[in-house]
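Below is one structure, written out as structure tokens, with a few remarks after it.
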Amino acid sequence: MEIYIDGQFYPREQAKVSVFDHGLLYGDGIFEGTRAYNGRVFEFDAHINRLYDSAKAIALEIPISKDEMKQAHLETLRKNELTDAYIRTVVTRGVGDLGLDPAKCVRPTVIIIADRISLYPQELYEQGLKIITVPTRRNLPESVNPMIKSLNYLNNILAKIEAKLGGAAEAIMLNQEGYVAECTGDNIFIIKGKTLATPMVSFGALKGVTRGVVMKLAAELGLEVVETTLTRYDIYVADECFLTGTAAEVIPVSEVDGRKIGNGKPGTYSRQLKDAYHKYAMEHGTPIY
Ligand SMILES: Cc1ncc(COP(=O)(O)O)c(C=O)c1O
């Protein structure tokens, strides 16, 4: 495996960053997760734009242009001879001293790792996930805004730990007011009748790229799509529930906090959207070669 760091490629064992990098010392940095399907990078601009927006929000100036960044991604995929891949992009504040002042960091570190995608077990898609609501609340937008894909994922990791301790695969995180925000690495949706609903991003969710594509596909299936406030009650009484994310794609949820969703099996629309999403992803994107 060849990993891109600041314009150079390194074999996996030699791909290293300094212990003085503020990404490591303080979680000071941002990241992206993008996928390539069938020789194309899916929703490339959406991911690159979100990366630069995350950087702007933390006042970090990425040292290369968006076009150079895209070329670096394509080169990384080509070097690794990949057609289907998960790409992790990381931009840290860079090497500084032990103080947290970002002004001491001379140049941000840009890292691109392209790996074969490790898929979730197929039975999870067929049976649906059992998930629970956890005590840890999603970050306040006034502190670290959940719209920023920052290297500070401890908030989500604490929620994930709570889910695992509670015997569940994934956690529903509420915002400070108790409304549903999202899961630890996925957005959440419900279907009630012919309406597809998902929390507004201002309620503490990342503006997921998969979320956006699924909303478009759902409208094409004839569903009314709304971004709204959701409570746990709305989820318990929904006909269907599913999560979306670059890695998970569309994954049905069968049970929330011990309540079966619908009849406890992945719903019709969830299955249709899962298939429609996969088909769409296989047919759209920026060619790698
Ligand atoms: C907290 C969080 N929510 C939602 C998502 C889903 O976003 P996307 O569909 O862009 O991968 C992710 C994954 O990146 C995430 O980390």
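Convention: chains lettered A, B, ... in structure tokens order; per-chain residue numbering from 1; ligands numbered from 1 as shown.
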Show me which residues sit within 8 Å of ligand 1 when counting only C-alpha atoms and all ligand atoms, and put them as a CSV table (one decimal) with N, CA and C atoms, in the first residue's frame.
chain,number,residue,atom,x,y,z
A,32,GLU,N,-11.9,13.4,6.0
A,32,GLU,CA,-13.0,13.0,5.1
A,32,GLU,C,-12.9,11.5,4.9
A,33,GLY,N,-14.1,11.0,4.5
A,33,GLY,CA,-14.1,9.6,4.1
A,33,GLY,C,-14.9,9.5,2.8
A,34,THR,N,-14.2,9.1,1.8
A,34,THR,CA,-14.8,9.1,0.4
A,34,THR,C,-14.8,7.7,-0.1
A,47,HIS,N,-17.4,15.8,-1.3
A,47,HIS,CA,-16.4,15.4,-0.2
A,47,HIS,C,-15.3,16.5,-0.1
A,146,PRO,N,-21.0,20.0,15.0
A,146,PRO,CA,-21.0,18.7,14.3
A,146,PRO,C,-20.9,18.8,12.8
A,149,LYS,N,-16.1,18.1,10.2
A,149,LYS,CA,-15.6,16.7,10.4
A,149,LYS,C,-14.1,16.8,11.0
A,156,ASN,N,-18.2,11.2,19.7
A,156,ASN,CA,-18.9,10.1,19.1
A,156,ASN,C,-18.3,8.7,19.6
A,182,GLU,N,-28.1,12.3,15.4
A,182,GLU,CA,-27.5,11.4,14.4
A,182,GLU,C,-26.9,10.2,15.2
A,183,CYS,N,-26.3,9.3,14.4
A,183,CYS,CA,-25.6,8.2,15.1
A,183,CYS,C,-24.1,8.6,15.1
A,184,THR,N,-23.2,7.7,15.6
A,184,THR,CA,-21.9,8.1,15.8
A,184,THR,C,-21.1,8.3,14.5
A,185,GLY,N,-21.5,7.6,13.5
A,185,GLY,CA,-20.8,7.9,12.2
A,185,GLY,C,-21.7,7.8,11.0
A,186,ASP,N,-23.0,8.0,11.3
A,186,ASP,CA,-24.0,7.8,10.3
A,186,ASP,C,-25.2,8.8,10.5
A,187,ASN,N,-25.9,9.2,9.5
A,187,ASN,CA,-27.1,10.0,9.7
A,187,ASN,C,-28.3,9.0,9.8
A,205,ALA,N,-26.3,17.4,13.5
A,205,ALA,CA,-25.9,16.3,12.6
A,205,ALA,C,-24.8,16.8,11.6
A,206,LEU,N,-24.0,15.9,11.1
A,206,LEU,CA,-23.1,16.2,10.0
A,206,LEU,C,-24.0,16.2,8.8
A,207,LYS,N,-23.7,17.1,7.8
A,207,LYS,CA,-24.4,17.1,6.6
A,207,LYS,C,-23.9,16.0,5.7
A,208,GLY,N,-24.4,14.8,5.9
A,208,GLY,CA,-23.8,13.6,5.2
A,208,GLY,C,-24.0,13.7,3.7
A,209,VAL,N,-23.0,13.3,3.0
A,209,VAL,CA,-23.0,13.2,1.5
A,209,VAL,C,-24.0,12.1,1.1
A,210,THR,N,-24.0,11.0,1.8
A,210,THR,CA,-24.9,9.9,1.5
A,210,THR,C,-26.3,10.4,1.8
A,211,ARG,N,-26.5,11.1,2.9
A,211,ARG,CA,-27.8,11.7,3.3
A,211,ARG,C,-28.4,12.4,2.1
A,212,GLY,N,-27.6,13.3,1.5
A,212,GLY,CA,-28.0,14.1,0.4
A,212,GLY,C,-28.5,13.3,-0.8
A,244,THR,N,-27.5,6.2,7.2
A,244,THR,CA,-26.7,6.4,6.0
A,244,THR,C,-25.3,6.9,6.3
A,245,GLY,N,-24.4,6.4,5.5
A,245,GLY,CA,-23.0,6.9,5.6
A,245,GLY,C,-22.2,6.4,4.5
A,246,THR,N,-21.1,7.0,4.2
A,246,THR,CA,-20.2,6.6,3.1
A,246,THR,C,-19.8,5.1,3.2
A,247,ALA,N,-19.4,4.7,4.4
A,247,ALA,CA,-19.0,3.3,4.6
A,247,ALA,C,-20.2,2.4,4.6
A,249,GLU,N,-23.3,2.9,3.6
A,249,GLU,CA,-24.3,3.1,2.6
A,249,GLU,C,-25.6,3.3,3.2
Selection: 6 Å around Glu227 of chain A, only C-alpha atoms, excl. self and same-chain fewer than 2 positions, as a list in words: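 Using only C-alpha atoms, the neighbours found are Ala197, Thr198, Pro199 and Met200 of chain A.
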Report as a CSV table (one decimal) with C-alpha atoms, in the first residue's frame all protein, DNA and RNA residues lying within 7 Å of segment 81-91 of chain A, evaluated on only C-alpha atoms, omitting residues in the same chain fewer than 6 positions from it.
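Once written, around.csv looks like this:
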chain,number,residue,atom,x,y,z
A,29,GLY,CA,-7.3,18.8,12.2
A,30,ILE,CA,-10.1,17.6,9.9
A,31,PHE,CA,-10.8,14.5,7.8
A,32,GLU,CA,-13.0,13.0,5.1
A,33,GLY,CA,-14.1,9.6,4.1
A,34,THR,CA,-14.8,9.1,0.4
A,35,ARG,CA,-15.6,6.0,-1.6
A,36,ALA,CA,-14.7,4.8,-5.1
A,37,TYR,CA,-17.0,2.4,-6.9
A,38,ASN,CA,-16.4,0.7,-10.2
A,39,GLY,CA,-13.4,2.9,-11.1
A,40,ARG,CA,-15.0,6.2,-10.2
A,108,PRO,CA,-0.6,21.5,7.8
A,109,THR,CA,0.1,17.8,7.1
A,110,VAL,CA,-2.0,16.3,4.2
A,111,ILE,CA,-2.5,12.5,4.3
A,112,ILE,CA,-4.4,10.4,1.8
A,113,ILE,CA,-4.9,6.7,2.5
A,114,ALA,CA,-6.8,4.6,-0.1
A,115,ASP,CA,-7.6,1.1,1.0
A,116,ARG,CA,-9.8,-1.8,-0.1
A,117,ILE,CA,-13.3,-1.3,1.4
Separation of atom CA of Val144 of chain A from atom CA of Ala159 of chain A in Å: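 Computed distance, atom CA of Ala159 of chain A to atom CA of Val144 of chain A, equals 15.9 Å.
DSSP annotation of segment 31-97 of chain A from backbone atoms: helix (DSSP H, G or I) residues are Phe44, Asp45, Ala46, His47, Ile48, Asn49, Arg50, Leu51, Tyr52, Asp53, Ser54, Ala55, Lys56, Ala57, Lys66, Asp67, Glu68, Met69, Lys70, Gln71, Ala72, His73, Leu74, Glu75, Thr76, Leu77, Arg78 and Lys79 of chain A.
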Residue nearest His284 of chain A - candidates A:Phe44, A:Gly166, A:Gly204, A:Thr76, atoms counted: only C-alpha atoms: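 For His284 of chain A, the nearest of the given residues is A:Phe44.
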Contacts of Gly23 of chain A at 8 Å (only C-alpha atoms; same-chain gap of 6+ positions) as a ChimeraX atom specification: /A:29,92-94,151
Create the file for the chosen residues now, containing C-alpha atoms and written as a PDB file, in the first residue's frame.
ATOM      1  CA  GLY A  29      -7.322  18.830  12.208  1.00  0.00           C
ATOM      2  CA  THR A  92      -3.753  18.124  10.507  1.00  0.00           C
ATOM      3  CA  ARG A  93      -2.630  21.511  11.814  1.00  0.00           C
ATOM      4  CA  GLY A  94       0.898  20.179  11.352  1.00  0.00           C
ATOM      5  CA  LEU A 151     -10.193  14.948  14.297  1.00  0.00           C
TER       6      LEU A 151
END
Residues within 8 Å of Val225 of chain A, only C-alpha atoms, excluding chain neighbours under 3 positions, as a list in words: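 In the requested form, the answer reads Thr195, Leu196, Ala197, Met215, Ala218 and Ala219 of chain A.
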Distance in Å - atom CA of Glu126 of chain A versus atom CA of Leu217 of chain A: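 Here the two named atoms are 20.4 Å from each other.
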Strand (DSSP E) per DSSP on the backbone: members of segment 91-149 of chain A, as a list in words: Val91, Thr92, Thr109, Val110, Ile111, Ile112, Ile113, Ala114, Asp115, Leu129, Lys130, Ile131, Ile132 and Thr133 of chain A
Which of A:Tyr153, A:His73, A:Phe189, A:Tyr125 sits closest to Asp275 of chain A [using only C-alpha atoms]: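 Closest to Asp275 of chain A of all the choices is A:Tyr125.
If you count only C-alpha atoms and ignore residues fewer than 3 places along the chain from segment 138-141 of chain A, what sits within 7 Å of it is Val144, Asn145, Pro146, Asn155, Met173, Leu174, Asn175, Gln176, Ala181 and Gly204 of chain A.
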Taking N, CA and C atoms for each residue, export the selection above as an mmCIF file, in the first residue's frame.
data_model
loop_
_atom_site.group_PDB
_atom_site.id
_atom_site.type_symbol
_atom_site.label_atom_id
_atom_site.label_comp_id
_atom_site.auth_asym_id
_atom_site.auth_seq_id
_atom_site.Cartn_x
_atom_site.Cartn_y
_atom_site.Cartn_z
ATOM 1 N N VAL A 144 -17.870 22.582 19.444
ATOM 2 C CA VAL A 144 -17.339 22.056 18.183
ATOM 3 C C VAL A 144 -18.546 21.681 17.322
ATOM 4 N N ASN A 145 -18.820 22.449 16.311
ATOM 5 C CA ASN A 145 -20.022 22.225 15.504
ATOM 6 C C ASN A 145 -19.965 20.850 14.822
ATOM 7 N N PRO A 146 -21.016 20.036 14.981
ATOM 8 C CA PRO A 146 -21.019 18.715 14.335
ATOM 9 C C PRO A 146 -20.913 18.764 12.806
ATOM 10 N N ASN A 155 -16.354 12.677 21.258
ATOM 11 C CA ASN A 155 -17.791 12.743 21.543
ATOM 12 C C ASN A 155 -18.510 11.514 20.968
ATOM 13 N N MET A 173 -27.513 9.477 19.049
ATOM 14 C CA MET A 173 -27.088 10.595 19.886
ATOM 15 C C MET A 173 -28.150 11.697 19.808
ATOM 16 N N LEU A 174 -28.534 12.195 20.970
ATOM 17 C CA LEU A 174 -29.483 13.306 21.024
ATOM 18 C C LEU A 174 -28.693 14.601 21.124
ATOM 19 N N ASN A 175 -29.356 15.706 20.779
ATOM 20 C CA ASN A 175 -28.677 16.994 20.992
ATOM 21 C C ASN A 175 -28.980 17.491 22.415
ATOM 22 N N GLN A 176 -28.524 18.691 22.735
ATOM 23 C CA GLN A 176 -28.673 19.188 24.114
ATOM 24 C C GLN A 176 -30.141 19.311 24.518
ATOM 25 N N ALA A 181 -30.207 13.660 16.980
ATOM 26 C CA ALA A 181 -29.234 14.341 16.120
ATOM 27 C C ALA A 181 -28.761 13.396 15.011
ATOM 28 N N GLY A 204 -27.692 19.200 15.112
ATOM 29 C CA GLY A 204 -26.504 18.514 15.615
ATOM 30 C C GLY A 204 -26.035 17.348 14.767
#
Given only C-alpha atoms as the counted atoms, nearest of A:Ala169, A:Ala103, A:Val213, A:Ala276 to Gly128 of chain A: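 Going through A:Ala169, A:Ala103, A:Val213, A:Ala276 one by one, the smallest distance to Gly128 of chain A is for A:Ala169.
When only C-alpha atoms are used to measure the gap to Gly7 of chain A, the shortest distance among A:Gln71, A:Gln127, A:Ser54, A:Ser202 belongs to A:Gln71.
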Residue contacts of Val19 of chain A (10 Å, only C-alpha atoms) excluding same-chain residues fewer than 2 positions away, as a list in words: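 These residues fall inside the cut-off: Lys16, Val17, Asp21, His22, Gly23, Leu24, Leu25, Val95, Gly96, Asp97 and Leu98 of chain A.
Closest approach to Ala168 of chain A among A:Met1, A:Leu223, A:Ile191, A:Leu129: A:Leu129, based on only C-alpha atoms.
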A:Ser254, A:Thr268, A:Phe203, A:Lys79 ranked by distance to Glu142 of chain A, top pick (using only C-alpha atoms): A:Phe203
